[in-house]
Every structure is written in C-alpha cells, then in structure tokens.
Amino acid sequence: MRRNVSTSPGTRRRGASRAVACVLTAAGALLVSALQTGAAGAAGPDAASASARTGTGTPSSVADFWTAERMREATPLDLLSAGTDGPTKRSAVAAKQRATAEKRSGSTRDASPATSPARGGSERTVRPTLPAATTSAPASAPALKSFPQTGAAWTGGGAVTNTAGRVFFTYQGRTASCSGNAVTSANKSTVVTAGHCVKLNGAWHGDWVFVPGYHDGQAPYGKWAAAKTLATPQWTASENINYDIGAAVVAPVGGQRLTDVVGGQGLAFNTGYNKPMYAFGYPAAAPYDGSKLIYCSGNTIKDPLFSTDHGLSCNMTGGSSGGPWFTSFDEASGTGLQSSVNSFGYTFLPNTMFGPYFGDDAENLYDEAQSS
C-alpha cells in the first residue's frame, strides 16, 4: 500500500510552486520497484481528457491471459511504480522534488483544497442486492465482535466474500494487481475500484479483469473482463488524490451478468465524515501475500493534513488499493453501503489508510458506469 503523493496546489506536470511537499504512501499503487513477469502488452497512453476507456481485447482472451500462475505472480501496482531507473521513472511528489521523494517513482497528485470534492449534494443510498439465484438473505454468521481491527483475515463469510475481489491488469507491460468490489447497478455489471487501478501516469491499464472471491490463484465466480473502465474527470485530467475513484463495466461470463452471479453491495454518497467503517482488500505486499481477503474496521476521521479523505487505522499493504469501505456494514450478512475505496497513506503516519469522500463526483461516476 505504499504510494507517494503531491500535497500542494497545481495539477501534475505543471510548474506551479508547491508550498508543502511530503512523501505519501499509497494503498495499492504508486511506488515502483522490481517487477514481476508478464509477457503482457503495455497499456498505451490515451488522451488525458477522456474519462473512460473501452476494452482492449475480447473478454475470453483477457480471461485466458490471467492464468492462476499469472494472478499469483502479479505485483501490487505500488511496487510496480517504484525503484526502477529509466525514462519511465517518476517522482510521486513531482520531478522537481525527487530528493523529497527519496528517488522513488510514482505520480503527482493535486490535493488542493480549492478542488476538494463537492459536498453540497443530497445524501443518497443504494441498497445491496443478492444474486438472482438467492431467494433469502445470506446465512448469518456469528458477529466477529472485532471492532476496531487494524488488519486481519475476514472469516465472517457473507456477501462480501462474493462481491469483493482482486483486480488484475497490465501496467507498462507488466502484470499488476489491485482490489475492487461489485455493486448494485442498473446494468448488473459495475465494479468500483480506485482511480489509479484503472489509469495511472497518463495511461489506461490493459488486460483489465475482476476476479470476485479470489483465493490463492482460484477464480470461484469467474474472471470478468472489463468492456469499459472509467474514472472521475478530476482523476483522469490531473490524478487529483481527492478523486481517486474508478469503475469498470465488465462483460458477461457464460451469458450471465456479474451481480446476478455474486450479488452487489449498496452504496452511499454525501453521508459525511467520522463514521464507523469497514475496509476490505487483497493486500499482496509483506506481510500479506494476496491470497485472502483482509479487513480493517474502526471509526474514521477526516484527513487533518493534505487531502479531504476519510482516514482509518489499517495496516493493509500494496494490492489493497481499490478495495471497498463500507458504512452500515452488517457482519452477519456481509453487506453494507460502499462509501470509499482504499487509496493512500502517509509515510510518516504508518498503519493508517485513507480513502476518498464519495460525494457528487463519485455519484456521477457511478451513474455513468451503471448506465453504460
């Protein structure tokens, strides 16, 4: 979960002066180090003004590409973005501040208060849905009674074990991973993740696939290739950390649509700060290995430093980016209202995860995705 982020006004690659600079760490993407294998094609850069990208291969070819071995070997995106010398190496704090970024590459983020997410909209919630074949609520499991929790394997069962999953894609020709979650949607095919899990450093990722219920190379509910990936306009244009939200519309598998198979979690927009929340993801950097679903829980705070994000005590590492945060989460049924995603953390504030506020812009992205 380590990533570096710009903390002052100005969009990436602009020469605007920065009053404050610090090294940030990211949940699932952005430092870069040794890469793992892949024989995959690089994700080529698209126009920065575009807010979405269509699929780059047939769904079957993308699913076939992601063998159990490739999924196990995929590197968390944050590790893929750091530690490699060469023309693709970028300081997460900006090229002008490589010393501050400790010569690690990443990407610049604009967290200017002037461009904070809109919060004037009305509160809106979307209810969770069960798979079409399910006629009753998920079997209740004993409550974990583990609140707060800073990072542990989820053993409570319920719907979240179906809707949450790992995300795999190619980044600069290498295989990489994040996390994601299936949500209730009109097209029954929408996955919510982090913005940097669909687009980073001006390039949309390729060979994008969602594997709900992933476990140690296994895809118990299939591999769902993206027909389209999207991000908030602010993330697309300048990779503004306040809007690190992405989505994917996945193609059917075997004639079935995603949430008919695994169900969909609910969502909540414009619901405020300082909430009890649960965060889930598939961290794949030490001490985790990406083989199982991990969760954190606790009362959130509003970032008192350089973003407008929620903060939560959580030790999830690289690969957890894009995993869902829930309010109104019921441990027994494993259902809740998704209100954020794993996004980033500060290097000087260990074991704390931050996730973007789901305001009007997140709601607009969701509506665009579900109507695709």
# chains A, B, ... in the order shown; residues from 1 in each chain; ligands from 1
>>> select_by_dssp(residues="segment 175-369 of chain A", states="strand (DSSP E or B)", output="count of residues only")
86
>>> select_by_dssp(residues="segment 235-270 of chain A", states="alpha helix (DSSP H)", output="number ranges by chain")
A: 235-238, 258-262
>>> closest_residue(among="A:Gly345, A:Gly311, A:Pro356, A:Gly264", to="Asn162 of chain A", atoms="only C-alpha atoms")
A:Gly264
>>> atom_distance(atom1="atom CA of Thr232 of chain A", atom2="atom CA of Asp367 of chain A")
11.4 Å
>>> atom_distance(atom1="atom CA of Tyr295 of chain A", atom2="atom CA of Gly151 of chain A")
5.5 Å
>>> closest_residue(among="A:Ser146, A:Thr190, A:Asn201, A:Thr125", to="Trp224 of chain A", atoms="only C-alpha atoms")
A:Thr190
>>> closest_residue(among="A:Phe354, A:Phe280, A:Trp208, A:Tyr221", to="Val249 of chain A", atoms="only C-alpha atoms")
A:Trp208
>>> closest_residue(among="A:Ile301, A:Glu239, A:Lys188, A:Ala153", to="Gln256 of chain A", atoms="only C-alpha atoms")
A:Lys188
>>> residues_around(residues="segment 273-276 of chain A", least_positions_apart="3", cutoff="10 Å", atoms="only C-alpha atoms", output="VMD selection string")
chain A and resid 147 to 148 270 297 to 303 308 to 312 326 to 329 357
>>> residues_around(residues="Ala226 of chain A", least_positions_apart="4", cutoff="7 Å", atoms="only C-alpha atoms", output="list in words")
Gly55, Trp208, Val209, Ala248, Val249, Val250 and Ala251 of chain A
>>> write_last_selection(atoms="C-alpha atoms", output="short mmCIF file (atom, residue, chain, number, x, y, z; two decimals), in the first residue's frame")
data_model
loop_
_atom_site.label_atom_id
_atom_site.label_comp_id
_atom_site.auth_asym_id
_atom_site.auth_seq_id
_atom_site.Cartn_x
_atom_site.Cartn_y
_atom_site.Cartn_z
CA GLY A 55 -11.83 -2.87 -23.53
CA TRP A 208 -8.21 -5.49 -17.01
CA VAL A 209 -10.11 -8.25 -15.21
CA ALA A 248 -15.31 -0.81 -14.64
CA VAL A 249 -18.19 -2.21 -16.63
CA VAL A 250 -17.49 -5.90 -17.13
CA ALA A 251 -18.64 -8.16 -19.94
#
>>> residues_around(residues="Tyr366 of chain A", least_positions_apart="3", cutoff="12 Å", atoms="only C-alpha atoms", output="ChimeraX atom specification")
/A:124-126,182-187,189-193,229-232,245-249,266-269,338-339,358-363,369-372
>>> atom_distance(atom1="atom CA of Val262 of chain A", atom2="atom CA of Pro287 of chain A")
28.6 Å
>>> closest_residue(among="A:Phe168, A:Phe65, A:Tyr214, A:Trp235", to="Leu293 of chain A", atoms="only C-alpha atoms")
A:Tyr214
>>> closest_residue(among="A:Ser291, A:Ser343, A:Thr170, A:Gln234", to="Asp216 of chain A", atoms="only C-alpha atoms")
A:Ser291
